[in-house]
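A.B. asks: Sharing input27.txt here; it has compact mmCIF, C-alpha atoms.
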```txt
# COMPACT_ATOMS: atom_id res chain seq x y z
CA MET A 1 38.28 22.53 54.09
CA ILE A 2 36.07 22.19 51.02
CA ARG A 3 33.01 20.28 52.22
CA MET A 4 30.61 21.10 49.38
CA VAL A 5 30.96 21.66 45.63
CA VAL A 6 28.13 23.46 43.84
CA PHE A 7 28.00 22.59 40.15
CA ASP A 8 26.12 24.38 37.40
CA MET A 9 24.27 22.01 35.08
CA ALA A 10 24.05 22.87 31.35
CA GLY A 11 27.52 23.33 29.91
CA THR A 12 29.23 22.28 33.15
CA THR A 13 27.96 18.86 34.22
CA VAL A 14 25.34 18.36 31.49
CA ASN A 15 26.19 18.21 27.80
CA GLU A 16 23.18 19.31 25.77
CA ASN A 17 25.12 20.97 22.93
CA ASN A 18 23.93 24.46 23.91
CA ALA A 19 20.35 23.40 23.17
CA VAL A 20 18.90 25.82 25.71
CA TYR A 21 20.66 28.86 24.25
CA LYS A 22 19.94 27.81 20.67
CA THR A 23 16.29 27.49 21.68
CA LEU A 24 16.42 30.81 23.49
CA ARG A 25 17.81 32.42 20.35
CA SER A 26 15.02 30.87 18.24
CA ALA A 27 12.31 32.14 20.60
CA ILE A 28 13.74 35.66 20.60
CA ASN A 29 14.33 35.78 16.87
CA GLU A 30 10.76 34.64 16.21
CA ALA A 31 9.85 38.08 17.59
CA ASN A 32 11.56 39.76 14.61
CA PHE A 33 15.12 39.94 15.90
CA ASP A 34 18.38 38.68 14.45
CA PHE A 35 20.54 37.78 17.45
CA SER A 36 23.51 35.50 16.89
CA LEU A 37 24.19 32.58 19.22
CA ASP A 38 27.33 34.36 20.41
CA GLU A 39 25.25 37.39 21.45
CA VAL A 40 22.79 35.15 23.30
CA LEU A 41 25.61 33.37 25.13
CA GLU A 42 27.41 36.59 25.98
CA ALA A 43 24.39 38.27 27.54
CA GLY A 44 22.35 35.34 28.81
CA ALA A 45 24.62 32.48 29.84
CA GLY A 46 24.06 31.18 33.36
CA LYS A 47 21.08 33.41 34.13
CA GLU A 48 17.52 32.47 34.96
CA LYS A 49 15.96 32.36 31.52
CA LEU A 50 13.46 35.22 31.78
CA GLN A 51 16.26 37.42 33.08
CA ALA A 52 18.45 36.14 30.25
CA ILE A 53 15.84 37.31 27.74
CA ARG A 54 15.72 40.74 29.38
CA SER A 55 19.52 40.99 29.22
CA ILE A 56 19.65 39.92 25.58
CA LEU A 57 16.97 42.43 24.56
CA MET A 58 18.93 45.17 26.31
CA LYS A 59 21.69 44.61 23.75
CA ARG A 60 19.24 46.33 21.38
CA ASN A 61 18.29 48.86 24.10
CA ILE A 62 14.85 47.26 24.45
CA GLU A 63 13.26 47.19 27.90
CA ASP A 64 9.81 45.67 27.44
CA GLU A 65 8.53 43.34 30.15
CA GLN A 66 5.48 42.24 28.18
CA LEU A 67 7.63 41.28 25.20
CA ALA A 68 10.14 39.47 27.42
CA SER A 69 7.32 37.49 29.06
CA GLN A 70 5.85 36.55 25.68
CA ILE A 71 9.23 35.35 24.45
CA PHE A 72 9.77 33.40 27.67
CA GLY A 73 6.46 31.59 27.22
CA ARG A 74 7.41 30.65 23.68
CA PHE A 75 10.86 29.56 24.85
CA LEU A 76 9.36 27.12 27.35
CA VAL A 77 7.23 25.53 24.62
CA LEU A 78 10.19 25.21 22.25
CA LEU A 79 12.44 23.85 24.99
CA ASP A 80 9.94 21.12 25.88
CA GLU A 81 9.87 20.13 22.23
CA THR A 82 13.67 20.11 22.03
CA TYR A 83 14.25 18.09 25.18
CA SER A 84 11.56 15.55 24.29
CA THR A 85 13.65 14.41 21.32
CA GLN A 86 17.26 15.40 21.96
CA GLU A 87 19.76 13.07 23.57
CA ILE A 88 21.22 14.48 26.78
CA TYR A 89 24.56 13.33 28.17
CA GLU A 90 26.72 14.08 31.15
CA GLN A 91 29.88 16.08 30.59
CA ASP A 92 33.02 13.96 30.48
CA ASN A 93 33.88 12.50 33.90
CA ALA A 94 30.93 14.10 35.72
CA THR A 95 29.69 10.94 37.45
CA LYS A 96 33.23 9.78 38.11
CA LEU A 97 33.99 13.08 39.81
CA PHE A 98 30.76 13.10 41.81
CA HIS A 99 31.51 9.65 43.22
CA ALA A 100 35.12 10.54 43.97
CA LEU A 101 34.00 13.64 45.89
CA LYS A 102 31.37 11.72 47.83
CA ASP A 103 34.00 9.10 48.72
CA ARG A 104 35.93 12.00 50.28
CA ASP A 105 32.85 13.20 52.21
CA VAL A 106 32.41 16.24 49.96
CA LEU A 107 28.77 17.07 49.17
CA VAL A 108 27.73 17.37 45.51
CA VAL A 109 25.10 20.05 44.77
CA LEU A 110 23.63 20.82 41.36
CA ASN A 111 22.28 24.31 40.69
CA THR A 112 20.86 25.87 37.56
CA GLY A 113 19.14 28.80 35.92
CA TYR A 114 16.47 26.35 34.72
CA ASN A 115 13.22 25.88 36.59
CA ARG A 116 12.87 22.69 38.65
CA ALA A 117 10.75 20.80 36.11
CA THR A 118 13.33 21.30 33.35
CA ALA A 119 16.27 20.48 35.61
CA GLU A 120 14.66 17.28 36.84
CA THR A 121 13.94 16.24 33.24
CA LEU A 122 17.66 16.56 32.41
CA ILE A 123 18.71 14.64 35.51
CA LYS A 124 16.25 11.86 34.71
CA LYS A 125 17.50 11.61 31.10
CA ILE A 126 21.09 11.23 32.29
CA GLY A 127 20.08 8.78 35.00
CA TRP A 128 21.56 10.52 38.05
CA LYS A 129 20.01 9.58 41.38
CA LYS A 130 19.80 11.81 44.43
CA GLY A 131 21.81 10.32 47.24
CA SER A 132 24.00 8.07 45.13
CA ASP A 133 25.21 10.50 42.43
CA TYR A 134 24.42 13.93 43.90
CA ASP A 135 23.14 15.25 47.21
CA LEU A 136 20.89 18.21 46.35
CA LEU A 137 19.38 20.11 43.42
CA VAL A 138 18.65 23.85 43.74
CA THR A 139 17.01 25.63 40.80
CA ALA A 140 16.10 29.15 39.78
CA SER A 141 12.46 28.50 40.70
CA ASP A 142 13.43 27.62 44.28
CA VAL A 143 14.79 31.06 45.27
CA ALA A 144 13.77 34.71 45.20
CA ASN A 145 16.87 36.07 43.47
CA ASN A 146 18.83 34.39 40.73
CA ARG A 147 22.41 34.57 39.50
CA PRO A 148 24.61 36.44 40.04
CA SER A 149 22.83 36.73 43.40
CA PRO A 150 24.04 33.99 45.78
CA ASP A 151 20.60 32.72 46.83
CA MET A 152 20.90 29.23 45.33
CA ILE A 153 24.25 28.61 47.02
CA LEU A 154 22.98 30.03 50.32
CA ASN A 155 19.92 27.78 49.98
CA ALA A 156 22.18 24.73 49.68
CA MET A 157 24.29 25.85 52.63
CA GLN A 158 21.20 26.32 54.77
CA HIS A 159 19.87 22.91 53.75
CA PHE A 160 23.00 21.20 55.07
CA GLY A 161 23.56 23.53 58.03
CA PHE A 162 26.69 25.21 56.67
CA GLU A 163 27.53 28.65 58.03
CA ASP A 164 30.95 29.25 56.46
CA PRO A 165 31.02 29.80 52.66
CA ALA A 166 34.77 29.16 52.78
CA GLU A 167 33.80 25.49 52.92
CA VAL A 168 32.12 25.75 49.51
CA MET A 169 33.48 25.59 45.95
CA LYS A 170 31.45 26.82 42.97
CA VAL A 171 31.97 25.50 39.41
CA GLY A 172 30.35 26.81 36.23
CA ASP A 173 30.82 27.54 32.55
CA SER A 174 29.81 31.22 32.59
CA THR A 175 31.00 34.43 34.19
CA VAL A 176 27.66 34.64 35.99
CA ASP A 177 28.43 31.30 37.68
CA VAL A 178 31.74 32.66 38.92
CA MET A 179 30.12 35.89 40.11
CA GLU A 180 27.44 33.88 41.93
CA GLY A 181 30.12 32.00 43.85
CA LYS A 182 32.03 35.15 44.70
CA ASN A 183 28.85 36.87 45.88
CA ALA A 184 28.18 33.89 48.16
CA GLY A 185 31.70 34.15 49.58
CA CYS A 186 32.83 30.77 48.25
CA LEU A 187 36.50 30.11 48.90
CA ILE A 188 37.17 28.70 45.42
CA ASN A 189 35.30 29.71 42.24
CA ILE A 190 36.12 27.80 39.08
CA GLY A 191 35.31 28.49 35.45
CA ILE A 192 35.17 25.55 33.06
CA THR A 193 35.51 25.87 29.28
CA THR A 194 33.09 23.08 28.29
CA GLY A 195 30.08 25.36 27.86
CA ALA A 196 28.99 28.94 27.26
CA HIS A 197 32.11 31.04 27.79
CA THR A 198 35.71 30.76 26.63
CA ALA A 199 38.72 30.91 28.93
CA SER A 200 39.30 34.55 28.05
CA GLN A 201 35.66 35.43 28.80
CA LEU A 202 35.77 33.52 32.09
CA THR A 203 38.93 35.38 33.09
CA ALA A 204 36.92 38.61 33.24
CA ALA A 205 35.13 37.29 36.35
CA ASN A 206 38.45 36.53 38.12
CA PRO A 207 37.93 32.85 39.00
CA GLU A 208 40.53 31.20 41.19
CA TYR A 209 40.96 28.52 38.52
CA ILE A 210 39.94 27.82 34.94
CA VAL A 211 39.74 24.14 33.96
CA HIS A 212 38.94 22.25 30.79
CA ASN A 213 37.66 18.95 32.20
CA LEU A 214 35.72 18.24 35.37
CA ILE A 215 38.20 15.64 36.60
CA GLU A 216 40.74 18.44 37.13
CA LEU A 217 38.69 19.56 40.14
CA LEU A 218 39.67 16.52 42.16
CA ALA A 219 43.27 17.66 42.43
CA ILE A 220 42.16 21.18 43.39
CA VAL A 221 39.94 19.88 46.18
CA ALA A 222 42.67 17.53 47.38
CA GLU A 223 45.27 20.31 47.39
CA GLU A 224 43.00 22.71 49.28
CA ASN A 225 41.95 20.14 51.87
CA GLN A 226 45.51 18.90 52.36
CA ALA A 227 46.64 22.48 52.95
CA GLU A 228 43.98 22.88 55.63
CA THR A 229 45.20 19.80 57.51
CA VAL A 230 48.88 20.79 57.53
```
Take the structure in the file and give it back as structure tokens.

C.D. replies:
Amino acid sequence: MIRMVVFDMAGTTVNENNAVYKTLRSAINEANFDFSLDEVLEAGAGKEKLQAIRSILMKRNIEDEQLASQIFGRFLVLLDETYSTQEIYEQDNATKLFHALKDRDVLVVLNTGYNRATAETLIKKIGWKKGSDYDLLVTASDVANNRPSPDMILNAMQHFGFEDPAEVMKVGDSTVDVMEGKNAGCLINIGITTGAHTASQLTAANPEYIVHNLIELLAIVAEENQAETV
């Protein structure tokens, strides 16, 4: 049975109008580049943000750790400025879904390529409370290896004493999210089209499902768990 759902944040459960990737693009292009937002999303979506910068620079065959670190520092400054003024909302039906899952004794975990400070700022702006809206937050700064490595999902499993990844569903808006879930051994890995990647891009990672609204997940969980009890 599905006993835990691990949700990505930006683009999946959090609607911030791609602010992080627009800011990432600005920070990189300040260093005399001309990346489009599509290029930034294609190479960087879902990744820890320093790794995202490395991946984006590699599109120009540039491998320069000092430059990547400088851009990352500038990105953090710009992102703080952006999030201090921008309105942040939940994706449609996020809270409704969280509560419906918790009513069914399914744990709700948030995970993200942000560091913890940034992730907690977003959660606070939306107004989600640990325990009542979600059960655990795991961020890129909490683990040694980031997406597509499975460390964040394995961290959540360890926290709750889970040993079988077949009890876990992963949901995210990028191919890296789907790959993370598959690398963890999650039974169901779902791509959602509300964020970084389109349905056709998500298909490349072979998710079990592609959805267009979070509330669609409730039927998938119900179907899977009903099948397990038959």

A.B. asks: Which one of A:Ala196, A:Leu78, A:Ile188, A:Leu37 sits closest to Val14 in chain A if you count only C-alpha atoms?

C.D. replies: A:Ala196

A.B. asks: Could you work out an axis-aligned box for range 49-67 of chain A, taking every atom the file lists and adding 5 Å on each side, and report centre and edge lengths in Å to one decimal, as AutoDock Vina command-line options?

C.D. replies:
```
--center_x 13.6 --center_y 40.6 --center_z 27.2 --size_x 26.2 --size_y 26.5 --size_z 21.7
```

A.B. asks: Considering only C-alpha atoms, state which residue in the set A:Ser174, A:Met58, A:Asn225, A:Glu216 is at the smallest distance from Ser200 in chain A.

C.D. replies: A:Ser174

A.B. asks: Take CA of Ala10 in chain A and CA of Asn213 in chain A and report the distance between them in Å, one decimal.

C.D. replies: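 That distance, rounded to one decimal, is 14.2 Å.
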
A.B. asks: If we count only C-alpha atoms and set the cut-off at 8 Å, which residues sit around Arg25 in chain A, ignoring sequence neighbours fewer than 5 positions away in its own chain? Please answer as JSON, numbers by chain.

C.D. replies: {"A": [35, 36, 37, 40]}

A.B. asks: Just checking: using all atoms listed in the file, which residue out of A:Leu218, A:Val106, A:Leu122, A:Leu136 ends up closest to Asp80 in chain A?

C.D. replies: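 Nearest candidate to Asp80 in chain A out of A:Leu218, A:Val106, A:Leu122, A:Leu136: A:Leu122.
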
A.B. asks: So the first atom is CA of Asp34 in chain A and the second is CA of Ala68 in chain A; what is the distance between them in Å, to one decimal place?

C.D. replies: 15.4 Å

A.B. asks: Would you please work out which residue, of A:Gln66, A:Gln51, A:Ser141, A:Thr95, is nearest to Asn155 in chain A when using only C-alpha atoms?

C.D. replies: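 Of A:Gln66, A:Gln51, A:Ser141, A:Thr95, the one nearest Asn155 in chain A, counting only C-alpha atoms, is A:Ser141.
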
A.B. asks: Find the distance between CA of Gln91 in chain A and CA of Thr12 in chain A and write it in Å to one decimal.

C.D. replies: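 Between CA of Gln91 in chain A and CA of Thr12 in chain A the gap is 6.7 Å.
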
A.B. asks: Choose the residue, out of A:Ala184, A:Leu79, A:Ile126, A:Ala119, that has the smallest atom-to-atom separation from Asp151 in chain A; count only C-alpha atoms.

C.D. replies: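 Closest to Asp151 in chain A, using only C-alpha atoms: A:Ala184.
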
A.B. asks: Considering only C-alpha atoms, can you say which of A:Gly185, A:Gly131, A:Gly44, A:Gly73 comes closest to Gly113 in chain A?

C.D. replies: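 Ranking A:Gly185, A:Gly131, A:Gly44, A:Gly73 by distance to Gly113 in chain A, first place goes to A:Gly44.
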
A.B. asks: Please identify all polymer residues within 6 Å of Pro148 in chain A, counting all atoms listed in the file, omitting same-chain residues fewer than 2 positions from it, and present them as JSON, numbers by chain.

C.D. replies: {"A": [176, 179, 180]}

A.B. asks: Would you pick out the contacts of Val6 in chain A at 9 Å or less, using only C-alpha atoms, so that residues sharing its chain but fewer than 5 positions from it are not included, and give the list as a CSV table (one decimal) with C-alpha atoms, in the frame of the given file?

C.D. replies:
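Output saved as selection_2.csv:
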```
chain,number,residue,atom,x,y,z
A,107,LEU,CA,28.8,17.1,49.2
A,108,VAL,CA,27.7,17.4,45.5
A,109,VAL,CA,25.1,20.0,44.8
A,110,LEU,CA,23.6,20.8,41.4
A,111,ASN,CA,22.3,24.3,40.7
A,153,ILE,CA,24.2,28.6,47.0
A,156,ALA,CA,22.2,24.7,49.7
A,168,VAL,CA,32.1,25.8,49.5
A,169,MET,CA,33.5,25.6,46.0
A,170,LYS,CA,31.4,26.8,43.0
A,171,VAL,CA,32.0,25.5,39.4
A,172,GLY,CA,30.4,26.8,36.2
A,181,GLY,CA,30.1,32.0,43.8
```
